[in-house]
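First the structure, in the form of structure tokens, and then the observations on it.
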Amino acid sequence: MSLMRVENINKVYGTRKGARKFQALKQINFEVHEGEFIGIMGPSGSGKTTLLNILGSIDRPTNGRVFLDGVDIASLKKKQLAEHRIKNIGFVFQDFNLLDTMTLKENIILPLAIHGADVHTIETRLQKLATDLGILTVLDKYPYEVSGGEQQRAAACRALITDPKIVLADEPTGNLDSRSGRALLELLAQINRTYNTTILMVTHDAFAASYCQRILFIRDGEIYHELYAREDKQQYFDAIIDVVSVVGGESK
Amino acid sequence: MKLTTLAFRNIKRNFSKYVMYFFTLTFSVFTVYSFLALLQNEVVNHAFIYRERYRSMLIGFGVVIFVFVTFFLISSNTSFIRARKKEISLYSLFGMTNRKVSKLIFLETMLVGLAALVVGILAGIFFSKLIAMILLNVTLVDFVGDITFSIHPRSIYLTILPFLGVFGLMGLSGLRVISKFELVELFKGEKVSEGKSKGSYILLFLSVLLLGCGYYFAATVDSYLIIMYSLPILISVILGTYLFFWGGLPKILHWLKKNKTKYYRGDNLIAISAFNHRVRSIASTMATIAVLSAVATTAVATGYTLYKNAEKDTYSRVGFDAYFYGSEELLDDVYQAFKNHGVEFESYTSERLVARPELRITLDDWLYYDSDNAGDYFRVYPQSVFNEIITFSRRDLKPVHIKPGEAIYALESWTNVPSLDAELKQAIMDSPFKFSNQTIRVTSFVDAQFLAFGAIQVIILNDDDFVSLHQAGDIITGKTETGPPFSKVTVFKYDNPLRSGEVARSITEILSGNADSFRVAYNTYVELLETFGLVCFIGFFMSIVFILMTASLLYFKQVMAAEEERGQYQMLRKIGMDSELEKRVITKRLLPVFLIPLIIGIIHSIFAMKSADTVVFSFMITQQNSYLVVLGLSSVMYAIYALVYGVFYFITKHQYAKVVG
């Protein structure tokens with residue numbers, strides 16, 4: 001079943017008079033299915049973060065439409081947008097973006113607190129997620145008091161606490177060493193499996209991409225290629241590398 | 001690039017931080033210059049009768065202001081440099097020596113300081129006439145002279161010199177801070193909170209205890225106790241304030257967090273955790289502000305209360321527009337003076353009669369009255385004379401009716417301790433006044449001690465009793481006093497007594513040195529107004545300097561915090577904080593920083609006013625509930641203070657929102 005449909009998205013920077021125009025995205029079309037773990041790959045400057053911001057309703061497309069569950073995001077007003085972000089979308093950021101002023105628990109419940117959920121709902125959801133992700137014992141600690149892995153899981157917990165329709169992950173392994181990176185990817189895959197959560201991950205790392213069931217490759221703002229996961233992990237990884245060598249390098 | 005260019009550029013870049021600092025500095029310069037100029041102004045000097053008092057008060061408070069300004073400048077300079085640690089470390093990373101960095105910072109400080117000096121002094125010169133006129137208008141009853149616009153070169157360099165000294169000190173302290181920086185700190189992440197505090201029950205308990213004790217003793221009704229323990233009270237309140245902000249407030253925040261229904265609301269969660277995170281680094285500032293606010297509001301409120309009560313106070317001291325007792329020829333001269341000035345007047349002459357009943361009044365160990373003592377005697381009035389003479393008084397007294405054998409005892413408050421006063425009243429009522437043929441008992445009291453005219457005790461008798469006692473020789477003319485026995489006192493009532501300076505001066509001239517004793521309400525009023533008006537005037541300037549200093553310190557700290565918190569707001573917006581919520585978060589984040597010190601400062605001040613009421617005001621304000629009057633007048637000042645603080649809060653909020661937005 002299709003959860004998100006992206007139709008003919010264009011994004012042009014410098015639309016003001018006299019500014020040099022730069023088209024970051026050109027005619028992007030794709031669909032995301034429910035329960036899918038989808039990756040978007042591309043070199044720096046290919047427009048993948050722009051795309052993610054548009055999908056996350058942080059940015060607006062110049063034209064084109066994004067449907068989430070049949071609702072056109074572009075048609076939402078500013079206030080509705082904020083609510084839409086809280087209710088439907090979970091974010092996992094590159095450096096987790098946990099607030100140092102809050103304990104892990106406070107960080108995790110923040111989206112629900114902003115949304116105005118009652119204490120009971122907050123507590124039950126928190127208990128379940130924190131137990132599943134194994135951070136129950138460190139909930140009352142501050143981000144700088146726990147390990148990187150625990151911070152990751154707390155960030156994932158925060159993304160999941162509102163029970164979002166889709167989780168958007170922006171280069172989640174970008175700042176991590178390979179072991180922590182792998183742990184995070186395992187975690188995302190586990191979340192995807194156990195909760196059937198739809199995850200859309202932007203990355204430039206082939207290894208990270210190999211965890212996705214489907215990968216969209218972007219080059220110069222256009223979808224260049226699409227790749228589906230294969231049974232054999234090594235084969236899949238090699239296939240990704242092949243595409244990247246064309247897309248990613250100094251191919252232009 | 002030259003160092004000066006860089007300095008200019010830095011000032012421009014840090015404009016939002018420098019602008020408040022500049023404003024405060026300018027006003028401080030303005031105040032110091034204005035005080036100095038007032039001291040130099042001959043016309044103003046001559047207008048004051050109590051010149052020495054005027055000069056020493058201005059100088060004294062000028063020094064106080066200057067000391068505070070020095071502390072403010074050095075502490076804000078230090079925290080400013082700390083906030084720019086990253087930038088400064090970068091300079092040294094690129095090869096700038098510590099000396100050169102210090103020179104740069106010093107240059108910046110100097111540029112801003114010199115600009116403030118110039119603007120402050122120019123403003124001082126520009127407004128000097130206005131300031132002098134305000135001062136004279138507030139303090140003098142009927143000033144008619146003309147103040148010319150004038151520039152006082154001596155005041156200018158007397159202002160510049162100490163400020164340059166302070167700037168030099170700032171440069172030195174900056175050098176000390178910079179030399180302590182280690183380059184490696186630049187690369188260390190500053191993730192670990194410096195400001196988080198869990199608070200402590202012990203500190204909370206201790207602070208509440210100290211404040212409670214301080215308040216309790218400040219609110220006692222015993223003026224003697226208050227004066228005796230004023231220093232311990234002050235220390236315990238100040239210490240309690242600091243302990244409260246250091247350990248108590250974090251504990252309270254901790255409690256707030258436990259109320260999940262409230263705490264788990266987006267704005268509360270963000271604001272409380274952010275405030276909790278900063279509370280330690282700002283605790284001392286908030287405590288200092290609370291104490292300074294208390295000092296400033298108390299100073300202004302005291303001055304204002306005294307000032308507003310000068311008229312009442314005058315009549316509670318003098319009772320009449322004028323009175324004297326002395327030789328009969330003087331009376332004609334006084335009449336003539338009134339006529340010469342064309343002032344309508346009424347006068348009444350009464351005998352100064354004395355009675356010495358056999359009487360002993362003791363209160364515990366205190367021998368209040370003993371007829372064996374030569375100094376203890378009563379001024380006596382028959383009811384008819386009393387009822388007549390009070391119509392000439394400006395005091396609001398009702399005619400009395402006294403039964404035979406009874407008497408009314410005139411008093412203000414003697415001890416100012418209600419319980420003690422009640423005991424004393426009881427003791428007086430219990431003691432029979434034994435005269436040669438009859439005994440008289442006091443049955444009630446009246447606030448009319450201004451009728452004593454040289455005596456200490458006053459009683460009012462029934463007319464018939466008075467006549468019989470007079471015949472029996474128990475009531476005699478005032479021979480107990482030293483010097484010639486002037487047996488008569490004359491009281492005057494005339495139009496517009498507190499504004500008619502000329503006639504008052506003529507009467508004073510006639511009577512001084514000639515009359516046995518005399519008082520003119522105008523003279524007392526002028527003295528009170530001069531003193532209290534000056535207290536008001538100085539308190540006003542001091543308060544503004546305090547408000548500016550404390551508010552700009554808060555502004556400064558919050559704007560610097562905003563820069564560090566910018567990332568958080570960006571993240572929060574990403575996960576769905578809308579602009580409405582953001583506004584609420586910013587409000588809840590900043591309001592306590594301004595509100596808590598203000599409220600605590602005002603509570604301190606309310607108790608300080610209670611002490612002041614016990615020690616000073618209740619002797620002056622003859623109403624039943626003098627404290628209510630004091631509070632009423634003080635609350636005007638509190639409201640103004642809160643209003644000004646509110647303006648600074650909104651400026652800070654605006655700037656904070658701009659930085660994080």
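By order in the structure tokens, chains are A, B, ...; within a chain, residues start at 1; ligands start at 1, following the order shown.
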Practice task
Write out as number ranges by chain all residues of stretch 274-513 of chain B that backbone DSSP assigns to strand (DSSP E or B).
Solution key: B: 322-325, 345-351, 353-355, 358, 360-363, 366-370, 378-382, 406-410, 433-434, 439-446, 457-461, 475-477, 488-494
Exercise for the section: Going by DSSP on the backbone, which bits of stretch 69-252 of chain B are alpha helix (DSSP H)? Write them as a ChimeraX atom specification, please. Expected result: /B:69-83,85-93,98-139,153-180,201-218,223-228,230-243,249-252
Problem - Shell of 8 Å around B:Ile74, only C-alpha atoms, local chain residues under 5 positions omitted, as a count of residues only - result: 3
Mind checking which residues fall within 10 Å of stretch 499-509 of chain B, counting only C-alpha atoms, ignoring those fewer than 6 positions away in the same chain, and posting them as a CSV table (one decimal) with all heavy atoms, in the first residue's frame?
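Saved file part_6.csv follows:
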chain,number,residue,atom,x,y,z
B,141,VAL,N,10.6,74.9,49.3
B,141,VAL,CA,9.2,75.3,49.4
B,141,VAL,C,8.9,76.4,48.4
B,141,VAL,O,7.9,76.3,47.7
B,141,VAL,CB,8.9,75.7,50.8
B,141,VAL,CG1,7.5,76.1,50.9
B,141,VAL,CG2,9.2,74.6,51.8
B,142,ASP,N,9.7,77.4,48.4
B,142,ASP,CA,9.3,78.6,47.6
B,142,ASP,C,10.5,79.2,46.9
B,142,ASP,O,10.9,80.3,47.2
B,142,ASP,CB,8.5,79.6,48.4
B,142,ASP,CG,9.3,80.0,49.6
B,142,ASP,OD1,10.4,79.4,49.9
B,142,ASP,OD2,8.8,80.9,50.3
B,143,PHE,N,11.2,78.4,46.1
B,143,PHE,CA,12.3,79.0,45.4
B,143,PHE,C,11.9,79.9,44.3
B,143,PHE,O,11.1,79.5,43.5
B,143,PHE,CB,13.2,77.8,44.9
B,143,PHE,CG,14.4,78.3,44.1
B,143,PHE,CD1,15.5,78.8,44.8
B,143,PHE,CD2,14.4,78.2,42.7
B,143,PHE,CE1,16.6,79.3,44.1
B,143,PHE,CE2,15.6,78.7,42.1
B,143,PHE,CZ,16.6,79.2,42.8
B,321,ASP,N,0.6,76.7,63.4
B,321,ASP,CA,1.4,77.4,62.4
B,321,ASP,C,2.6,78.1,63.0
B,321,ASP,O,3.7,78.2,62.4
B,321,ASP,CB,0.5,78.4,61.6
B,321,ASP,CG,-0.6,77.7,60.8
B,321,ASP,OD1,-0.4,76.5,60.6
B,321,ASP,OD2,-1.6,78.4,60.5
B,322,ALA,N,2.4,78.6,64.2
B,322,ALA,CA,3.5,79.2,64.9
B,322,ALA,C,3.1,79.3,66.4
B,322,ALA,O,1.9,79.4,66.7
B,322,ALA,CB,3.9,80.6,64.4
B,330,LEU,N,7.2,91.2,72.7
B,330,LEU,CA,7.5,90.5,71.4
B,330,LEU,C,6.2,90.2,70.7
B,330,LEU,O,6.1,90.2,69.5
B,330,LEU,CB,8.1,89.1,71.8
B,330,LEU,CG,9.6,89.2,72.1
B,330,LEU,CD1,10.1,87.9,72.6
B,330,LEU,CD2,10.4,89.7,70.9
B,333,ASP,N,5.3,92.9,68.4
B,333,ASP,CA,6.2,92.9,67.2
B,333,ASP,C,5.7,91.8,66.2
B,333,ASP,O,5.7,92.1,65.0
B,333,ASP,CB,7.6,92.5,67.6
B,333,ASP,CG,8.3,93.7,68.4
B,333,ASP,OD1,7.7,94.8,68.3
B,333,ASP,OD2,9.3,93.4,69.0
B,334,VAL,N,5.3,90.7,66.7
B,334,VAL,CA,4.8,89.6,65.9
B,334,VAL,C,3.5,90.0,65.1
B,334,VAL,O,3.4,89.9,63.9
B,334,VAL,CB,4.6,88.3,66.6
B,334,VAL,CG1,3.9,87.2,65.7
B,334,VAL,CG2,5.9,87.8,67.2
B,335,TYR,N,2.6,90.7,65.9
B,335,TYR,CA,1.4,91.2,65.3
B,335,TYR,C,1.7,92.1,64.2
B,335,TYR,O,1.1,92.1,63.1
B,335,TYR,CB,0.5,91.9,66.3
B,335,TYR,CG,-0.2,91.0,67.3
B,335,TYR,CD1,-0.7,91.5,68.5
B,335,TYR,CD2,-0.4,89.7,67.0
B,335,TYR,CE1,-1.4,90.7,69.4
B,335,TYR,CE2,-1.1,88.9,67.9
B,335,TYR,CZ,-1.6,89.4,69.1
B,335,TYR,OH,-2.2,88.6,70.0
B,336,GLN,N,2.7,93.0,64.5
B,336,GLN,CA,3.1,94.0,63.5
B,336,GLN,C,3.6,93.3,62.2
B,336,GLN,O,3.3,93.7,61.1
B,336,GLN,CB,4.1,94.9,64.1
B,336,GLN,CG,4.4,96.2,63.3
B,336,GLN,CD,3.0,97.0,63.1
B,336,GLN,OE1,2.3,97.2,64.1
B,336,GLN,NE2,2.7,97.4,61.9
B,337,ALA,N,4.4,92.3,62.4
B,337,ALA,CA,5.0,91.5,61.3
B,337,ALA,C,3.9,91.0,60.4
B,337,ALA,O,4.0,91.1,59.2
B,337,ALA,CB,5.9,90.4,61.8
B,338,PHE,N,2.9,90.4,61.0
B,338,PHE,CA,1.8,89.9,60.2
B,338,PHE,C,1.1,91.0,59.4
B,338,PHE,O,0.8,90.8,58.2
B,338,PHE,CB,0.7,89.2,61.1
B,338,PHE,CG,1.0,87.8,61.5
B,338,PHE,CD1,1.3,87.4,62.8
B,338,PHE,CD2,1.1,86.8,60.5
B,338,PHE,CE1,1.6,86.1,63.1
B,338,PHE,CE2,1.4,85.5,60.8
B,338,PHE,CZ,1.6,85.1,62.1
B,339,LYS,N,0.9,92.1,60.1
B,339,LYS,CA,0.3,93.2,59.4
B,339,LYS,C,1.1,93.7,58.2
B,339,LYS,O,0.6,94.0,57.2
B,339,LYS,CB,0.0,94.3,60.4
B,339,LYS,CG,-1.3,94.1,61.2
B,339,LYS,CD,-1.6,95.2,62.2
B,339,LYS,CE,-2.7,94.7,63.2
B,339,LYS,NZ,-2.3,95.0,64.6
B,340,ASN,N,2.4,93.9,58.5
B,340,ASN,CA,3.3,94.4,57.5
B,340,ASN,C,3.3,93.5,56.2
B,340,ASN,O,3.4,94.0,55.1
B,340,ASN,CB,4.8,94.4,58.0
B,340,ASN,CG,5.0,95.5,59.0
B,340,ASN,OD1,4.1,96.4,59.1
B,340,ASN,ND2,6.1,95.4,59.7
B,341,HIS,N,3.1,92.2,56.4
B,341,HIS,CA,3.1,91.3,55.3
B,341,HIS,C,1.7,91.1,54.7
B,341,HIS,O,1.5,90.4,53.8
B,341,HIS,CB,3.7,90.0,55.6
B,341,HIS,CG,5.2,90.0,55.8
B,341,HIS,ND1,6.1,90.1,54.7
B,341,HIS,CD2,6.0,90.1,56.9
B,341,HIS,CE1,7.3,90.2,55.2
B,341,HIS,NE2,7.3,90.2,56.5
B,342,GLY,N,0.8,91.8,55.4
B,342,GLY,CA,-0.6,91.6,54.9
B,342,GLY,C,-1.2,90.2,55.0
B,342,GLY,O,-2.0,89.8,54.2
B,343,VAL,N,-0.8,89.5,56.1
B,343,VAL,CA,-1.2,88.2,56.2
B,343,VAL,C,-2.3,88.1,57.3
B,343,VAL,O,-2.2,88.6,58.4
B,343,VAL,CB,-0.1,87.2,56.7
B,343,VAL,CG1,-0.6,85.8,57.0
B,343,VAL,CG2,1.0,87.2,55.6
B,515,ALA,N,12.7,85.3,72.2
B,515,ALA,CA,11.7,84.5,72.9
B,515,ALA,C,12.3,83.4,73.8
B,515,ALA,O,13.4,82.9,73.5
B,515,ALA,CB,10.7,83.9,71.9
B,518,PHE,N,10.2,79.2,70.7
B,518,PHE,CA,9.2,79.5,69.7
B,518,PHE,C,9.4,78.5,68.6
B,518,PHE,O,10.5,77.9,68.4
B,518,PHE,CB,9.4,80.9,69.1
B,518,PHE,CG,10.5,81.0,68.1
B,518,PHE,CD1,10.3,81.0,66.7
B,518,PHE,CD2,11.8,81.2,68.6
B,518,PHE,CE1,11.4,81.1,65.8
B,518,PHE,CE2,12.9,81.3,67.7
B,518,PHE,CZ,12.7,81.3,66.3
B,519,ARG,N,8.4,78.2,67.8
B,519,ARG,CA,8.5,77.4,66.6
B,519,ARG,C,7.6,77.9,65.5
B,519,ARG,O,6.5,78.3,65.8
B,519,ARG,CB,8.1,75.9,66.9
B,519,ARG,CG,9.2,75.2,67.8
B,519,ARG,CD,9.0,73.8,67.9
B,519,ARG,NE,9.7,73.1,66.8
B,519,ARG,CZ,9.9,71.8,66.8
B,519,ARG,NH1,9.5,71.0,67.8
B,519,ARG,NH2,10.6,71.2,65.8
B,520,VAL,N,8.1,77.9,64.3
B,520,VAL,CA,7.3,78.3,63.2
B,520,VAL,C,7.2,77.0,62.3
B,520,VAL,O,8.2,76.5,61.9
B,520,VAL,CB,7.9,79.4,62.4
B,520,VAL,CG1,7.0,79.8,61.2
B,520,VAL,CG2,8.1,80.6,63.4
B,521,ALA,N,6.0,76.6,62.0
B,521,ALA,CA,5.8,75.4,61.2
B,521,ALA,C,6.5,75.5,59.9
B,521,ALA,O,7.1,74.5,59.4
B,521,ALA,CB,4.3,75.2,60.9
B,522,TYR,N,6.6,76.7,59.3
B,522,TYR,CA,7.2,76.8,58.0
B,522,TYR,C,8.7,76.4,58.1
B,522,TYR,O,9.2,75.7,57.2
B,522,TYR,CB,7.2,78.3,57.6
B,522,TYR,CG,7.9,78.6,56.3
B,522,TYR,CD1,7.4,78.4,55.1
B,522,TYR,CD2,9.2,79.1,56.4
B,522,TYR,CE1,8.1,78.7,53.9
B,522,TYR,CE2,10.0,79.4,55.2
B,522,TYR,CZ,9.4,79.2,54.0
B,522,TYR,OH,10.1,79.4,52.9
B,523,ASN,N,9.4,76.8,59.2
B,523,ASN,CA,10.8,76.4,59.3
B,523,ASN,C,11.0,74.9,59.3
B,523,ASN,O,11.9,74.4,58.7
B,523,ASN,CB,11.4,77.1,60.5
B,523,ASN,CG,11.4,78.6,60.4
B,523,ASN,OD1,11.2,79.1,59.4
B,523,ASN,ND2,11.6,79.2,61.6
B,525,TYR,N,8.9,72.7,58.2
B,525,TYR,CA,8.5,72.1,56.9
B,525,TYR,C,9.7,72.2,55.9
B,525,TYR,O,10.0,71.3,55.2
B,525,TYR,CB,7.3,72.9,56.5
B,525,TYR,CG,6.7,72.3,55.2
B,525,TYR,CD1,6.2,71.0,55.1
B,525,TYR,CD2,6.7,73.1,54.0
B,525,TYR,CE1,5.7,70.6,53.9
B,525,TYR,CE2,6.1,72.7,52.9
B,525,TYR,CZ,5.6,71.4,52.8
B,525,TYR,OH,5.1,70.9,51.7
B,526,VAL,N,10.3,73.4,55.9
B,526,VAL,CA,11.4,73.7,55.0
B,526,VAL,C,12.5,72.7,55.2
B,526,VAL,O,13.1,72.1,54.3
B,526,VAL,CB,11.9,75.1,55.1
B,526,VAL,CG1,13.3,75.3,54.4
B,526,VAL,CG2,10.9,76.0,54.4
Exercise for the section: For each of B:Gly124, B:Gly454, B:Gly240, B:Pro153, take the minimum atom-to-atom distance to B:Tyr323, counting only C-alpha atoms, then give the residue where this is smallest. Expected result: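 Using only C-alpha atoms, B:Tyr323 sits closest to B:Gly454.
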Exercise for the section: Kindly give the distance, in Å, that separates atom CA of A:Lys105 and atom CA of B:Leu595, rounded to a single decimal. Expected result: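 Going from atom CA of A:Lys105 over to atom CA of B:Leu595 covers 28.9 Å.
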Exercise for the section: Considering only C-alpha atoms, return as a ChimeraX atom specification whatever protein or nucleic-acid residues lie within 7 Å of stretch 174-185 of chain A, sequence-local ones (same chain, fewer than 6 positions apart) excluded. Expected result: /A:94-95,149,152,208,211
Written selection (N, CA, C and O atoms) as a PDB file, in the first residue's frame:
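Contents of part.pdb, freshly written:
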ATOM      1  N   GLN A  94      21.467  13.810  12.103  1.00  0.00           N
ATOM      2  CA  GLN A  94      22.846  13.369  11.970  1.00  0.00           C
ATOM      3  C   GLN A  94      23.557  13.247  13.316  1.00  0.00           C
ATOM      4  O   GLN A  94      24.083  12.214  13.657  1.00  0.00           O
ATOM      5  N   ASP A  95      23.552  14.341  14.083  1.00  0.00           N
ATOM      6  CA  ASP A  95      24.215  14.242  15.394  1.00  0.00           C
ATOM      7  C   ASP A  95      23.173  14.148  16.503  1.00  0.00           C
ATOM      8  O   ASP A  95      23.319  14.739  17.561  1.00  0.00           O
ATOM      9  N   GLY A 149      25.972   5.111  21.775  1.00  0.00           N
ATOM     10  CA  GLY A 149      24.926   4.178  21.382  1.00  0.00           C
ATOM     11  C   GLY A 149      23.615   4.464  22.083  1.00  0.00           C
ATOM     12  O   GLY A 149      22.544   4.401  21.472  1.00  0.00           O
ATOM     13  N   GLN A 152      22.016   7.409  20.529  1.00  0.00           N
ATOM     14  CA  GLN A 152      21.352   6.993  19.291  1.00  0.00           C
ATOM     15  C   GLN A 152      19.972   6.440  19.564  1.00  0.00           C
ATOM     16  O   GLN A 152      18.979   6.808  18.933  1.00  0.00           O
ATOM     17  N   ALA A 208      25.648   1.820   4.593  1.00  0.00           N
ATOM     18  CA  ALA A 208      24.387   2.167   5.246  1.00  0.00           C
ATOM     19  C   ALA A 208      23.222   1.866   4.313  1.00  0.00           C
ATOM     20  O   ALA A 208      22.194   1.320   4.724  1.00  0.00           O
ATOM     21  N   TYR A 211      21.325  -1.555   3.960  1.00  0.00           N
ATOM     22  CA  TYR A 211      20.305  -2.013   4.908  1.00  0.00           C
ATOM     23  C   TYR A 211      18.895  -1.745   4.375  1.00  0.00           C
ATOM     24  O   TYR A 211      17.918  -2.236   4.910  1.00  0.00           O
TER      25      TYR A 211
END
Exercise for the section: Could you please select, counting only C-alpha atoms, the residues of chain B within 7 Å of chain A and state them as a PyMOL selection string? Expected result: chain B and resi 191-192+260-261+264-267+273-274+277+568+571+574-578
Problem - Selection near A:Arg219, 9 Å with only C-alpha atoms, sequence-local residues under 4 positions removed, as a VMD selection string - result: chain A and resid 41 to 43 45 to 48 223 to 225 247 to 248
Problem - Nearby residues (only C-alpha atoms) at most 9 Å from B:Leu107, same-chain spacing under 2 positions excluded, as a ChimeraX atom specification - result: /B:3-4,7-8,102-105,109-112,171
